[in-house]
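J.: So I've got this file, query.cif, and it contains mmCIF, N, CA and C atoms:
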data_input
loop_
_atom_site.group_PDB
_atom_site.id
_atom_site.type_symbol
_atom_site.label_atom_id
_atom_site.label_comp_id
_atom_site.auth_asym_id
_atom_site.auth_seq_id
_atom_site.Cartn_x
_atom_site.Cartn_y
_atom_site.Cartn_z
ATOM 1 N N MET A 1 87.623 123.132 74.469
ATOM 2 C CA MET A 1 88.917 123.743 74.366
ATOM 3 C C MET A 1 89.687 123.062 73.235
ATOM 4 N N THR A 2 90.268 123.835 72.384
ATOM 5 C CA THR A 2 91.056 123.325 71.273
ATOM 6 C C THR A 2 92.529 123.448 71.620
ATOM 7 N N LEU A 3 93.228 122.351 71.507
ATOM 8 C CA LEU A 3 94.654 122.341 71.808
ATOM 9 C C LEU A 3 95.455 122.285 70.515
ATOM 10 N N GLY A 4 96.570 122.974 70.512
ATOM 11 C CA GLY A 4 97.470 122.924 69.371
ATOM 12 C C GLY A 4 98.313 121.661 69.407
ATOM 13 N N THR A 5 99.043 121.419 68.344
ATOM 14 C CA THR A 5 99.863 120.223 68.232
ATOM 15 C C THR A 5 100.937 120.167 69.314
ATOM 16 N N SER A 6 101.604 121.284 69.553
ATOM 17 C CA SER A 6 102.661 121.291 70.569
ATOM 18 C C SER A 6 102.086 121.103 71.971
ATOM 19 N N GLN A 7 100.880 121.610 72.204
ATOM 20 C CA GLN A 7 100.242 121.437 73.507
ATOM 21 C C GLN A 7 99.857 119.977 73.740
ATOM 22 N N LYS A 8 99.310 119.333 72.708
ATOM 23 C CA LYS A 8 98.969 117.916 72.834
ATOM 24 C C LYS A 8 100.219 117.070 73.055
ATOM 25 N N LYS A 9 101.278 117.396 72.351
ATOM 26 C CA LYS A 9 102.526 116.668 72.512
ATOM 27 C C LYS A 9 103.058 116.824 73.935
ATOM 28 N N TYR A 10 102.968 118.013 74.474
ATOM 29 C CA TYR A 10 103.401 118.273 75.845
ATOM 30 C C TYR A 10 102.568 117.470 76.844
ATOM 31 N N LEU A 11 101.248 117.466 76.658
ATOM 32 C CA LEU A 11 100.367 116.730 77.561
ATOM 33 C C LEU A 11 100.573 115.216 77.433
ATOM 34 N N ARG A 12 100.824 114.729 76.237
ATOM 35 C CA ARG A 12 101.125 113.306 76.068
ATOM 36 C C ARG A 12 102.390 112.929 76.830
ATOM 37 N N GLY A 13 103.367 113.816 76.823
ATOM 38 C CA GLY A 13 104.591 113.579 77.578
ATOM 39 C C GLY A 13 104.331 113.511 79.072
ATOM 40 N N LEU A 14 103.492 114.406 79.563
ATOM 41 C CA LEU A 14 103.130 114.378 80.983
ATOM 42 C C LEU A 14 102.308 113.136 81.326
ATOM 43 N N GLY A 15 101.442 112.729 80.412
ATOM 44 C CA GLY A 15 100.545 111.622 80.673
ATOM 45 C C GLY A 15 101.177 110.261 80.509
ATOM 46 N N HIS A 16 102.344 110.202 79.911
ATOM 47 C CA HIS A 16 102.985 108.915 79.648
ATOM 48 C C HIS A 16 103.199 108.110 80.925
ATOM 49 N N GLN A 17 103.594 108.764 81.992
ATOM 50 C CA GLN A 17 103.906 108.071 83.236
ATOM 51 C C GLN A 17 102.678 107.819 84.107
ATOM 52 N N LEU A 18 101.541 108.400 83.759
ATOM 53 C CA LEU A 18 100.347 108.267 84.587
ATOM 54 C C LEU A 18 99.726 106.881 84.472
ATOM 55 N N LYS A 19 99.127 106.455 85.545
ATOM 56 C CA LYS A 19 98.324 105.234 85.567
ATOM 57 C C LYS A 19 96.855 105.652 85.459
ATOM 58 N N PRO A 20 96.001 104.804 84.906
ATOM 59 C CA PRO A 20 94.577 105.147 84.851
ATOM 60 C C PRO A 20 93.997 105.344 86.259
ATOM 61 N N LEU A 21 93.368 106.477 86.476
ATOM 62 C CA LEU A 21 92.787 106.793 87.779
ATOM 63 C C LEU A 21 91.320 106.403 87.870
ATOM 64 N N LEU A 22 90.699 106.158 86.748
ATOM 65 C CA LEU A 22 89.282 105.832 86.730
ATOM 66 C C LEU A 22 89.065 104.703 85.734
ATOM 67 N N MET A 23 88.288 103.710 86.150
ATOM 68 C CA MET A 23 87.964 102.599 85.270
ATOM 69 C C MET A 23 86.461 102.534 85.091
ATOM 70 N N ILE A 24 86.038 102.448 83.848
ATOM 71 C CA ILE A 24 84.619 102.362 83.524
ATOM 72 C C ILE A 24 84.381 100.991 82.924
ATOM 73 N N GLY A 25 83.464 100.239 83.510
ATOM 74 C CA GLY A 25 83.189 98.890 83.054
ATOM 75 C C GLY A 25 81.917 98.803 82.252
ATOM 76 N N ASP A 26 81.354 97.607 82.215
ATOM 77 C CA ASP A 26 80.142 97.373 81.440
ATOM 78 C C ASP A 26 78.942 98.142 81.983
ATOM 79 N N GLY A 27 79.016 98.580 83.232
ATOM 80 C CA GLY A 27 77.922 99.354 83.822
ATOM 81 C C GLY A 27 77.769 100.734 83.207
ATOM 82 N N GLY A 28 78.810 101.199 82.549
ATOM 83 C CA GLY A 28 78.741 102.500 81.875
ATOM 84 C C GLY A 28 78.951 103.656 82.823
ATOM 85 N N LEU A 29 78.358 104.773 82.468
ATOM 86 C CA LEU A 29 78.545 106.013 83.210
ATOM 87 C C LEU A 29 77.426 106.202 84.233
ATOM 88 N N SER A 30 77.606 105.661 85.409
ATOM 89 C CA SER A 30 76.627 105.845 86.482
ATOM 90 C C SER A 30 76.885 107.185 87.162
ATOM 91 N N ASP A 31 75.976 107.593 88.012
ATOM 92 C CA ASP A 31 76.130 108.863 88.716
ATOM 93 C C ASP A 31 77.376 108.872 89.594
ATOM 94 N N SER A 32 77.673 107.762 90.237
ATOM 95 C CA SER A 32 78.850 107.705 91.105
ATOM 96 C C SER A 32 80.143 107.776 90.290
ATOM 97 N N VAL A 33 80.166 107.150 89.123
ATOM 98 C CA VAL A 33 81.347 107.215 88.250
ATOM 99 C C VAL A 33 81.547 108.645 87.755
ATOM 100 N N LEU A 34 80.470 109.315 87.378
ATOM 101 C CA LEU A 34 80.580 110.697 86.898
ATOM 102 C C LEU A 34 81.034 111.639 88.007
ATOM 103 N N ALA A 35 80.563 111.412 89.234
ATOM 104 C CA ALA A 35 80.992 112.246 90.361
ATOM 105 C C ALA A 35 82.482 112.047 90.632
ATOM 106 N N GLU A 36 82.934 110.816 90.586
ATOM 107 C CA GLU A 36 84.353 110.528 90.779
ATOM 108 C C GLU A 36 85.187 111.115 89.643
ATOM 109 N N PHE A 37 84.678 111.046 88.424
ATOM 110 C CA PHE A 37 85.355 111.630 87.267
ATOM 111 C C PHE A 37 85.535 113.137 87.457
ATOM 112 N N GLU A 38 84.485 113.818 87.859
ATOM 113 C CA GLU A 38 84.546 115.269 88.070
ATOM 114 C C GLU A 38 85.562 115.639 89.145
ATOM 115 N N SER A 39 85.518 114.952 90.282
ATOM 116 C CA SER A 39 86.423 115.312 91.378
ATOM 117 C C SER A 39 87.874 114.991 91.024
ATOM 118 N N THR A 40 88.101 113.880 90.354
ATOM 119 C CA THR A 40 89.464 113.507 89.967
ATOM 120 C C THR A 40 90.018 114.472 88.929
ATOM 121 N N LEU A 41 89.205 114.838 87.964
ATOM 122 C CA LEU A 41 89.652 115.758 86.925
ATOM 123 C C LEU A 41 89.896 117.155 87.486
ATOM 124 N N ALA A 42 89.071 117.589 88.420
ATOM 125 C CA ALA A 42 89.274 118.899 89.032
ATOM 126 C C ALA A 42 90.580 118.932 89.825
ATOM 127 N N HIS A 43 90.921 117.821 90.431
ATOM 128 C CA HIS A 43 92.135 117.778 91.243
ATOM 129 C C HIS A 43 93.396 117.640 90.398
ATOM 130 N N HIS A 44 93.368 116.792 89.376
ATOM 131 C CA HIS A 44 94.577 116.485 88.609
ATOM 132 C C HIS A 44 94.703 117.231 87.281
ATOM 133 N N GLU A 45 93.621 117.658 86.682
ATOM 134 C CA GLU A 45 93.567 118.315 85.369
ATOM 135 C C GLU A 45 93.870 117.370 84.197
ATOM 136 N N LEU A 46 94.780 116.447 84.349
ATOM 137 C CA LEU A 46 95.153 115.499 83.293
ATOM 138 C C LEU A 46 95.052 114.093 83.875
ATOM 139 N N ILE A 47 94.137 113.295 83.321
ATOM 140 C CA ILE A 47 93.939 111.951 83.863
ATOM 141 C C ILE A 47 93.828 110.933 82.733
ATOM 142 N N LYS A 48 94.106 109.699 83.098
ATOM 143 C CA LYS A 48 93.869 108.579 82.197
ATOM 144 C C LYS A 48 92.629 107.853 82.676
ATOM 145 N N VAL A 49 91.784 107.483 81.722
ATOM 146 C CA VAL A 49 90.558 106.745 82.014
ATOM 147 C C VAL A 49 90.594 105.457 81.207
ATOM 148 N N ARG A 50 90.387 104.336 81.890
ATOM 149 C CA ARG A 50 90.326 103.046 81.202
ATOM 150 C C ARG A 50 88.861 102.674 81.036
ATOM 151 N N VAL A 51 88.460 102.422 79.797
ATOM 152 C CA VAL A 51 87.077 102.059 79.484
ATOM 153 C C VAL A 51 87.070 100.586 79.082
ATOM 154 N N ARG A 52 86.577 99.749 79.965
ATOM 155 C CA ARG A 52 86.537 98.297 79.747
ATOM 156 C C ARG A 52 85.179 97.879 79.213
ATOM 157 N N VAL A 53 84.927 98.192 77.964
ATOM 158 C CA VAL A 53 83.692 97.818 77.288
ATOM 159 C C VAL A 53 84.091 97.033 76.045
ATOM 160 N N ASP A 54 83.397 95.923 75.799
ATOM 161 C CA ASP A 54 83.783 95.046 74.688
ATOM 162 C C ASP A 54 83.611 95.684 73.321
ATOM 163 N N ASP A 55 82.536 96.404 73.140
ATOM 164 C CA ASP A 55 82.204 96.977 71.838
ATOM 165 C C ASP A 55 82.967 98.282 71.614
ATOM 166 N N ARG A 56 83.659 98.392 70.500
ATOM 167 C CA ARG A 56 84.455 99.588 70.202
ATOM 168 C C ARG A 56 83.589 100.839 70.059
ATOM 169 N N THR A 57 82.427 100.702 69.435
ATOM 170 C CA THR A 57 81.559 101.876 69.271
ATOM 171 C C THR A 57 81.028 102.356 70.614
ATOM 172 N N SER A 58 80.744 101.442 71.528
ATOM 173 C CA SER A 58 80.309 101.837 72.875
ATOM 174 C C SER A 58 81.438 102.543 73.611
ATOM 175 N N ARG A 59 82.647 102.044 73.447
ATOM 176 C CA ARG A 59 83.813 102.668 74.078
ATOM 177 C C ARG A 59 84.012 104.083 73.541
ATOM 178 N N ASP A 60 83.900 104.238 72.229
ATOM 179 C CA ASP A 60 84.027 105.564 71.626
ATOM 180 C C ASP A 60 82.931 106.499 72.106
ATOM 181 N N ALA A 61 81.718 105.976 72.254
ATOM 182 C CA ALA A 61 80.594 106.793 72.705
ATOM 183 C C ALA A 61 80.787 107.255 74.143
ATOM 184 N N ILE A 62 81.311 106.392 74.997
ATOM 185 C CA ILE A 62 81.547 106.771 76.394
ATOM 186 C C ILE A 62 82.607 107.857 76.478
ATOM 187 N N ILE A 63 83.679 107.707 75.733
ATOM 188 C CA ILE A 63 84.745 108.717 75.741
ATOM 189 C C ILE A 63 84.227 110.036 75.171
ATOM 190 N N ALA A 64 83.457 109.978 74.103
ATOM 191 C CA ALA A 64 82.886 111.196 73.512
ATOM 192 C C ALA A 64 81.924 111.873 74.476
ATOM 193 N N GLN A 65 81.143 111.080 75.196
ATOM 194 C CA GLN A 65 80.202 111.653 76.160
ATOM 195 C C GLN A 65 80.947 112.340 77.300
ATOM 196 N N LEU A 66 82.027 111.747 77.773
ATOM 197 C CA LEU A 66 82.830 112.392 78.809
ATOM 198 C C LEU A 66 83.395 113.714 78.314
ATOM 199 N N CYS A 67 83.847 113.734 77.079
ATOM 200 C CA CYS A 67 84.441 114.956 76.524
ATOM 201 C C CYS A 67 83.407 116.058 76.324
ATOM 202 N N THR A 68 82.259 115.730 75.763
ATOM 203 C CA THR A 68 81.280 116.772 75.453
ATOM 204 C C THR A 68 80.517 117.242 76.685
ATOM 205 N N ASN A 69 80.121 116.330 77.551
ATOM 206 C CA ASN A 69 79.299 116.711 78.701
ATOM 207 C C ASN A 69 80.094 117.351 79.830
ATOM 208 N N HIS A 70 81.395 117.136 79.851
ATOM 209 C CA HIS A 70 82.200 117.634 80.967
ATOM 210 C C HIS A 70 83.308 118.579 80.518
ATOM 211 N N ALA A 71 83.207 119.085 79.314
ATOM 212 C CA ALA A 71 84.124 120.092 78.771
ATOM 213 C C ALA A 71 85.586 119.667 78.889
ATOM 214 N N THR A 72 85.860 118.412 78.573
ATOM 215 C CA THR A 72 87.232 117.928 78.585
ATOM 216 C C THR A 72 87.728 117.770 77.158
ATOM 217 N N THR A 73 89.033 117.681 77.024
ATOM 218 C CA THR A 73 89.649 117.509 75.719
ATOM 219 C C THR A 73 90.348 116.162 75.679
ATOM 220 N N LEU A 74 90.069 115.412 74.643
ATOM 221 C CA LEU A 74 90.744 114.143 74.435
ATOM 222 C C LEU A 74 92.125 114.436 73.860
ATOM 223 N N VAL A 75 93.151 114.103 74.626
ATOM 224 C CA VAL A 75 94.520 114.342 74.194
ATOM 225 C C VAL A 75 95.008 113.162 73.365
ATOM 226 N N GLN A 76 94.724 111.945 73.853
ATOM 227 C CA GLN A 76 95.190 110.755 73.165
ATOM 228 C C GLN A 76 94.323 109.577 73.578
ATOM 229 N N ARG A 77 94.158 108.661 72.661
ATOM 230 C CA ARG A 77 93.451 107.420 72.971
ATOM 231 C C ARG A 77 94.264 106.268 72.415
ATOM 232 N N THR A 78 94.588 105.330 73.289
ATOM 233 C CA THR A 78 95.326 104.144 72.896
ATOM 234 C C THR A 78 94.558 102.938 73.403
ATOM 235 N N GLY A 79 93.949 102.207 72.497
ATOM 236 C CA GLY A 79 93.161 101.037 72.894
ATOM 237 C C GLY A 79 91.984 101.440 73.754
ATOM 238 N N ASN A 80 91.960 100.935 74.978
ATOM 239 C CA ASN A 80 90.849 101.256 75.863
ATOM 240 C C ASN A 80 91.217 102.297 76.914
ATOM 241 N N VAL A 81 92.309 103.010 76.713
ATOM 242 C CA VAL A 81 92.751 104.046 77.650
ATOM 243 C C VAL A 81 92.714 105.403 76.949
ATOM 244 N N ALA A 82 92.054 106.361 77.596
ATOM 245 C CA ALA A 82 91.971 107.719 77.055
ATOM 246 C C ALA A 82 92.668 108.685 78.007
ATOM 247 N N LEU A 83 93.412 109.617 77.448
ATOM 248 C CA LEU A 83 94.063 110.668 78.207
ATOM 249 C C LEU A 83 93.239 111.932 78.021
ATOM 250 N N LEU A 84 92.690 112.449 79.133
ATOM 251 C CA LEU A 84 91.776 113.584 79.080
ATOM 252 C C LEU A 84 92.341 114.763 79.859
ATOM 253 N N TYR A 85 92.090 115.979 79.352
ATOM 254 C CA TYR A 85 92.590 117.201 79.977
ATOM 255 C C TYR A 85 91.480 118.226 80.106
ATOM 256 N N ARG A 86 91.459 118.886 81.250
ATOM 257 C CA ARG A 86 90.602 120.055 81.452
ATOM 258 C C ARG A 86 91.300 120.958 82.456
ATOM 259 N N ALA A 87 91.533 122.198 82.067
ATOM 260 C CA ALA A 87 92.182 123.158 82.958
ATOM 261 C C ALA A 87 91.254 123.504 84.111
ATOM 262 N N ASN A 88 91.836 123.707 85.284
ATOM 263 C CA ASN A 88 91.076 124.095 86.464
ATOM 264 C C ASN A 88 91.565 125.467 86.923
ATOM 265 N N PRO A 89 90.841 126.527 86.568
ATOM 266 C CA PRO A 89 91.295 127.870 86.933
ATOM 267 C C PRO A 89 91.209 128.145 88.430
ATOM 268 N N GLN A 90 90.556 127.299 89.193
ATOM 269 C CA GLN A 90 90.425 127.517 90.631
ATOM 270 C C GLN A 90 91.616 126.978 91.418
ATOM 271 N N LYS A 91 92.465 126.188 90.755
ATOM 272 C CA LYS A 91 93.670 125.700 91.425
ATOM 273 C C LYS A 91 94.669 126.846 91.546
ATOM 274 N N PRO A 92 95.526 126.803 92.559
ATOM 275 C CA PRO A 92 96.581 127.817 92.646
ATOM 276 C C PRO A 92 97.473 127.771 91.407
ATOM 277 N N ALA A 93 97.967 128.901 91.003
ATOM 278 C CA ALA A 93 98.748 129.002 89.768
ATOM 279 C C ALA A 93 99.977 128.105 89.795
ATOM 280 N N THR A 94 100.544 127.870 90.961
ATOM 281 C CA THR A 94 101.743 127.036 91.045
ATOM 282 C C THR A 94 101.427 125.551 90.858
ATOM 283 N N LYS A 95 100.180 125.160 91.026
ATOM 284 C CA LYS A 95 99.784 123.752 90.921
ATOM 285 C C LYS A 95 99.160 123.412 89.564
ATOM 286 N N ARG A 96 98.843 124.423 88.748
ATOM 287 C CA ARG A 96 98.215 124.187 87.445
ATOM 288 C C ARG A 96 99.220 123.686 86.423
ATOM 289 N N ILE A 97 98.700 122.984 85.435
ATOM 290 C CA ILE A 97 99.532 122.575 84.301
ATOM 291 C C ILE A 97 99.673 123.784 83.373
ATOM 292 N N ARG A 98 100.903 124.158 83.103
ATOM 293 C CA ARG A 98 101.155 125.300 82.223
ATOM 294 C C ARG A 98 101.439 124.783 80.828
ATOM 295 N N LEU A 99 100.533 125.089 79.918
ATOM 296 C CA LEU A 99 100.680 124.635 78.537
ATOM 297 C C LEU A 99 101.587 125.564 77.747
ATOM 298 N N PRO A 100 102.380 125.012 76.826
ATOM 299 C CA PRO A 100 103.173 125.869 75.939
ATOM 300 C C PRO A 100 102.238 126.590 74.972
ATOM 301 N N SER A 101 102.738 127.627 74.351
ATOM 302 C CA SER A 101 101.918 128.347 73.373
ATOM 303 C C SER A 101 101.660 127.453 72.172
ATOM 304 N N LYS A 102 100.551 127.721 71.471
ATOM 305 C CA LYS A 102 100.152 126.887 70.343
ATOM 306 C C LYS A 102 101.190 126.925 69.269
#
Would you kindly transcribe this structure into structure tokens?
T.:
Amino acid sequence: MTLGTSQKKYLRGLGHQLKPLLMIGDGGLSDSVLAEFESTLAHHELIKVRVRVDDRTSRDAIIAQLCTNHATTLVQRTGNVALLYRANPQKPATKRIRLPSK
């Protein structure tokens, strides 16, 4: 999903107050971490993920893998925290995040 500038700005505003809901350590992306990632993202649509890996390229690879394999969009990355978004069309319309037009 491609987000426009105003949409990313809106999501960054929503994500500012969020705390990281998922932490990924040196163990990487295990099956249990991926299952928790899927369920958390389906419930919240917009989450912060903290990636505690020493190597910057490994951290970038983990975030990229989450984005490509799970159809999420990277809204913002600050240090070791990534803000990720994926719309959930199965949620009731009143509970979904409504994005502004591009």
J.: Which residue, A:Val75, A:Ile62, A:Leu21, A:Val81, has the smallest gap to A:Glu36 when you use only N, CA and C atoms?
T.: A:Leu21
J.: Under the PyMOL selection byres (((chain A and resi 38 and name CA) around 12) and name CA), which residues of this model are included? Write them out as a CSV table (one decimal) with N, CA and C atoms, keeping the file's coordinate frame.
T.:
chain,number,residue,atom,x,y,z
A,21,LEU,N,93.4,106.5,86.5
A,21,LEU,CA,92.8,106.8,87.8
A,21,LEU,C,91.3,106.4,87.9
A,22,LEU,N,90.7,106.2,86.7
A,22,LEU,CA,89.3,105.8,86.7
A,22,LEU,C,89.1,104.7,85.7
A,31,ASP,N,76.0,107.6,88.0
A,31,ASP,CA,76.1,108.9,88.7
A,31,ASP,C,77.4,108.9,89.6
A,32,SER,N,77.7,107.8,90.2
A,32,SER,CA,78.8,107.7,91.1
A,32,SER,C,80.1,107.8,90.3
A,33,VAL,N,80.2,107.2,89.1
A,33,VAL,CA,81.3,107.2,88.2
A,33,VAL,C,81.5,108.6,87.8
A,34,LEU,N,80.5,109.3,87.4
A,34,LEU,CA,80.6,110.7,86.9
A,34,LEU,C,81.0,111.6,88.0
A,35,ALA,N,80.6,111.4,89.2
A,35,ALA,CA,81.0,112.2,90.4
A,35,ALA,C,82.5,112.0,90.6
A,36,GLU,N,82.9,110.8,90.6
A,36,GLU,CA,84.4,110.5,90.8
A,36,GLU,C,85.2,111.1,89.6
A,37,PHE,N,84.7,111.0,88.4
A,37,PHE,CA,85.4,111.6,87.3
A,37,PHE,C,85.5,113.1,87.5
A,39,SER,N,85.5,115.0,90.3
A,39,SER,CA,86.4,115.3,91.4
A,39,SER,C,87.9,115.0,91.0
A,40,THR,N,88.1,113.9,90.4
A,40,THR,CA,89.5,113.5,90.0
A,40,THR,C,90.0,114.5,88.9
A,41,LEU,N,89.2,114.8,88.0
A,41,LEU,CA,89.7,115.8,86.9
A,41,LEU,C,89.9,117.2,87.5
A,42,ALA,N,89.1,117.6,88.4
A,42,ALA,CA,89.3,118.9,89.0
A,42,ALA,C,90.6,118.9,89.8
A,43,HIS,N,90.9,117.8,90.4
A,43,HIS,CA,92.1,117.8,91.2
A,43,HIS,C,93.4,117.6,90.4
A,44,HIS,N,93.4,116.8,89.4
A,44,HIS,CA,94.6,116.5,88.6
A,44,HIS,C,94.7,117.2,87.3
A,45,GLU,N,93.6,117.7,86.7
A,45,GLU,CA,93.6,118.3,85.4
A,45,GLU,C,93.9,117.4,84.2
A,46,LEU,N,94.8,116.4,84.3
A,46,LEU,CA,95.2,115.5,83.3
A,46,LEU,C,95.1,114.1,83.9
A,47,ILE,N,94.1,113.3,83.3
A,47,ILE,CA,93.9,112.0,83.9
A,47,ILE,C,93.8,110.9,82.7
A,66,LEU,N,82.0,111.7,77.8
A,66,LEU,CA,82.8,112.4,78.8
A,66,LEU,C,83.4,113.7,78.3
A,67,CYS,N,83.8,113.7,77.1
A,67,CYS,CA,84.4,115.0,76.5
A,67,CYS,C,83.4,116.1,76.3
A,69,ASN,N,80.1,116.3,77.6
A,69,ASN,CA,79.3,116.7,78.7
A,69,ASN,C,80.1,117.4,79.8
A,70,HIS,N,81.4,117.1,79.9
A,70,HIS,CA,82.2,117.6,81.0
A,70,HIS,C,83.3,118.6,80.5
A,71,ALA,N,83.2,119.1,79.3
A,71,ALA,CA,84.1,120.1,78.8
A,71,ALA,C,85.6,119.7,78.9
A,72,THR,N,85.9,118.4,78.6
A,72,THR,CA,87.2,117.9,78.6
A,72,THR,C,87.7,117.8,77.2
A,84,LEU,N,92.7,112.4,79.1
A,84,LEU,CA,91.8,113.6,79.1
A,84,LEU,C,92.3,114.8,79.9
A,85,TYR,N,92.1,116.0,79.4
A,85,TYR,CA,92.6,117.2,80.0
A,85,TYR,C,91.5,118.2,80.1
A,86,ARG,N,91.5,118.9,81.2
A,86,ARG,CA,90.6,120.1,81.5
A,86,ARG,C,91.3,121.0,82.5
A,88,ASN,N,91.8,123.7,85.3
A,88,ASN,CA,91.1,124.1,86.5
A,88,ASN,C,91.6,125.5,86.9
J.: Run DSSP on the backbone and give me the residues of chain A it puts in strand (DSSP E), as a PyMOL selection string.
T.: chain A and resi 22-24+46-51+73-78+81-85
J.: What does the structure give for the distance between atom N of A:Gly27 and atom N of A:Asp60, in Å to one decimal?
T.: 13.3 Å
J.: Contacts of A:Asn80 at 6.5 Å or less, counting only N, CA and C atoms, minus same-chain residues fewer than 4 places along, as an MDAnalysis selection string?
T.: chainID A and resid 49:52
J.: Quick one: write out the picked residues with N, CA and C atoms as a PDB file, keeping the file's coordinate frame?
T.:
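To be explicit, this is the file written out as selection-v2.pdb:
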ATOM      1  N   VAL A  49      91.784 107.483  81.722  1.00  0.00           N
ATOM      2  CA  VAL A  49      90.558 106.745  82.014  1.00  0.00           C
ATOM      3  C   VAL A  49      90.594 105.457  81.207  1.00  0.00           C
ATOM      4  N   ARG A  50      90.387 104.336  81.890  1.00  0.00           N
ATOM      5  CA  ARG A  50      90.326 103.046  81.202  1.00  0.00           C
ATOM      6  C   ARG A  50      88.861 102.674  81.036  1.00  0.00           C
ATOM      7  N   VAL A  51      88.460 102.422  79.797  1.00  0.00           N
ATOM      8  CA  VAL A  51      87.077 102.059  79.484  1.00  0.00           C
ATOM      9  C   VAL A  51      87.070 100.586  79.082  1.00  0.00           C
ATOM     10  N   ARG A  52      86.577  99.749  79.965  1.00  0.00           N
ATOM     11  CA  ARG A  52      86.537  98.297  79.747  1.00  0.00           C
ATOM     12  C   ARG A  52      85.179  97.879  79.213  1.00  0.00           C
TER      13      ARG A  52
END
J.: Find the distance between atom CA of A:Ala64 and atom CA of A:Arg77 and write it in Å to one decimal.
T.: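 These two atoms are separated by 11.2 Å.
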J.: Nearest to A:Ile24 among A:Ala93, A:Ala61, A:Leu99, A:Val53, with distances taken over only N, CA and C atoms: which residue is it?
T.: A:Val53
J.: As an exercise, work out the distance from atom N of A:Lys91 to atom C of A:Gln7 in Å and give it to one decimal place.
T.: 19.6 Å
J.: Need the neighbours of (78.2, 92.4, 77.7): which residues are at most 8 Å away, counting only N, CA and C atoms, as number ranges by chain?
T.: A: 26, 53-55
J.: Save the residues we just selected, N, CA and C atoms, as an mmCIF file, in the coordinates of the input?
T.:
data_model
loop_
_atom_site.group_PDB
_atom_site.id
_atom_site.type_symbol
_atom_site.label_atom_id
_atom_site.label_comp_id
_atom_site.auth_asym_id
_atom_site.auth_seq_id
_atom_site.Cartn_x
_atom_site.Cartn_y
_atom_site.Cartn_z
ATOM 1 N N ASP A 26 81.354 97.607 82.215
ATOM 2 C CA ASP A 26 80.142 97.373 81.440
ATOM 3 C C ASP A 26 78.942 98.142 81.983
ATOM 4 N N VAL A 53 84.927 98.192 77.964
ATOM 5 C CA VAL A 53 83.692 97.818 77.288
ATOM 6 C C VAL A 53 84.091 97.033 76.045
ATOM 7 N N ASP A 54 83.397 95.923 75.799
ATOM 8 C CA ASP A 54 83.783 95.046 74.688
ATOM 9 C C ASP A 54 83.611 95.684 73.321
ATOM 10 N N ASP A 55 82.536 96.404 73.140
ATOM 11 C CA ASP A 55 82.204 96.977 71.838
ATOM 12 C C ASP A 55 82.967 98.282 71.614
#
J.: Output as a PyMOL selection string all residues of chain A that backbone DSSP marks as alpha helix (DSSP H).
T.: chain A and resi 5-15+31-44+56-69
J.: Of the residues A:Thr57, A:Thr94, A:Thr73, A:Thr78, which is the one nearest to A:Leu3, using only C-alpha atoms?
T.: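 Nearest candidate to A:Leu3 out of A:Thr57, A:Thr94, A:Thr73, A:Thr78: A:Thr73.
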